Amino acid sequence: MKVFIVIVLLFVIYNLALAMYYMIKDKGQGKNTVRFLTVRIAVSFGLFIIIIFALKMGWIQAHSILPK
């Protein structure tokens, strides 16, 4: 599950970089920037839902960083 989360986060960063590239290349006039930002938001939202579902199902465990 951790590997899946890392891969999806890398995909999100990749889409953000592509959006920045097309924003600079097209001077903000093209539709590519909006498309890649939309994909980034949708994938981020989907990952958030999957993480919440995995926590509820017990597939992953939440832990505290506070000392006991």
# chains A, B, ... in the order shown; residues from 1 in each chain; ligands from 1
>>> residues_around(residues="region 3-17 of chain A", least_positions_apart="3", cutoff="7 Å", atoms="only C-alpha atoms", output="list in words")
Met20, Tyr21, Phe36, Leu37, Arg40, Val43 and Ser44 of chain A
>>> write_last_selection(atoms="C-alpha atoms", output="PDB file, in the first residue's frame")
ATOM      1  CA  MET A  20       3.798  24.438 -15.085  1.00  0.00           C
ATOM      2  CA  TYR A  21       5.583  23.599 -18.351  1.00  0.00           C
ATOM      3  CA  PHE A  36      -3.190  18.727 -16.094  1.00  0.00           C
ATOM      4  CA  LEU A  37      -4.252  20.670 -13.000  1.00  0.00           C
ATOM      5  CA  ARG A  40      -3.826  16.465 -10.403  1.00  0.00           C
ATOM      6  CA  VAL A  43      -5.998  12.042  -8.498  1.00  0.00           C
ATOM      7  CA  SER A  44      -5.219  13.776  -5.191  1.00  0.00           C
TER       8      SER A  44
END
>>> closest_residue(among="A:Lys56, A:Lys2, A:Ala19, A:Ile51", to="Thr38 (chain A)", atoms="only C-alpha atoms")
A:Ala19
>>> atom_distance(atom1="CA of Ile52 (chain A)", atom2="CA of Thr33 (chain A)")
28.8 Å
>>> select_by_dssp(residues="chain A", states="alpha helix (DSSP H)", output="PyMOL selection string")
chain A and resi 2-25+32-57
>>> write_last_selection(atoms="C-alpha atoms", output="compact mmCIF listing (two decimals), in the first residue's frame")
# COMPACT_ATOMS: atom_id res chain seq x y z
CA LYS A 2 2.87 2.37 0.79
CA VAL A 3 4.41 1.83 -2.63
CA PHE A 4 1.06 2.58 -4.29
CA ILE A 5 0.74 5.83 -2.34
CA VAL A 6 4.26 6.92 -3.28
CA ILE A 7 3.66 6.13 -6.96
CA VAL A 8 0.41 8.13 -6.97
CA LEU A 9 2.12 11.07 -5.24
CA LEU A 10 4.89 11.01 -7.85
CA PHE A 11 2.20 11.02 -10.55
CA VAL A 12 0.62 14.07 -8.91
CA ILE A 13 3.99 15.87 -8.89
CA TYR A 14 4.52 14.89 -12.54
CA ASN A 15 1.15 16.40 -13.51
CA LEU A 16 1.96 19.56 -11.58
CA ALA A 17 5.27 19.86 -13.46
CA LEU A 18 3.52 19.35 -16.80
CA ALA A 19 0.99 22.03 -15.91
CA MET A 20 3.80 24.44 -15.08
CA TYR A 21 5.58 23.60 -18.35
CA TYR A 22 2.48 24.25 -20.46
CA MET A 23 1.66 27.38 -18.49
CA ILE A 24 5.09 28.79 -19.37
CA LYS A 25 5.07 27.47 -22.95
CA ASN A 32 -3.25 21.88 -21.36
CA THR A 33 -2.55 23.69 -18.09
CA VAL A 34 -6.15 23.39 -16.95
CA ARG A 35 -6.31 19.74 -18.03
CA PHE A 36 -3.19 18.73 -16.09
CA LEU A 37 -4.25 20.67 -13.00
CA THR A 38 -7.67 19.02 -13.17
CA VAL A 39 -6.05 15.58 -13.36
CA ARG A 40 -3.83 16.46 -10.40
CA ILE A 41 -6.80 17.53 -8.29
CA ALA A 42 -8.85 14.46 -9.24
CA VAL A 43 -6.00 12.04 -8.50
CA SER A 44 -5.22 13.78 -5.19
CA PHE A 45 -8.87 13.58 -4.15
CA GLY A 46 -9.04 9.92 -5.18
CA LEU A 47 -5.91 9.12 -3.20
CA PHE A 48 -7.36 10.85 -0.14
CA ILE A 49 -10.53 8.75 -0.41
CA ILE A 50 -8.49 5.55 -0.85
CA ILE A 51 -6.36 6.35 2.22
CA ILE A 52 -9.47 7.00 4.35
CA PHE A 53 -11.02 3.74 3.09
CA ALA A 54 -7.80 1.79 3.79
CA LEU A 55 -7.69 3.19 7.33
CA LYS A 56 -11.30 2.13 7.95
CA MET A 57 -10.68 -1.36 6.54
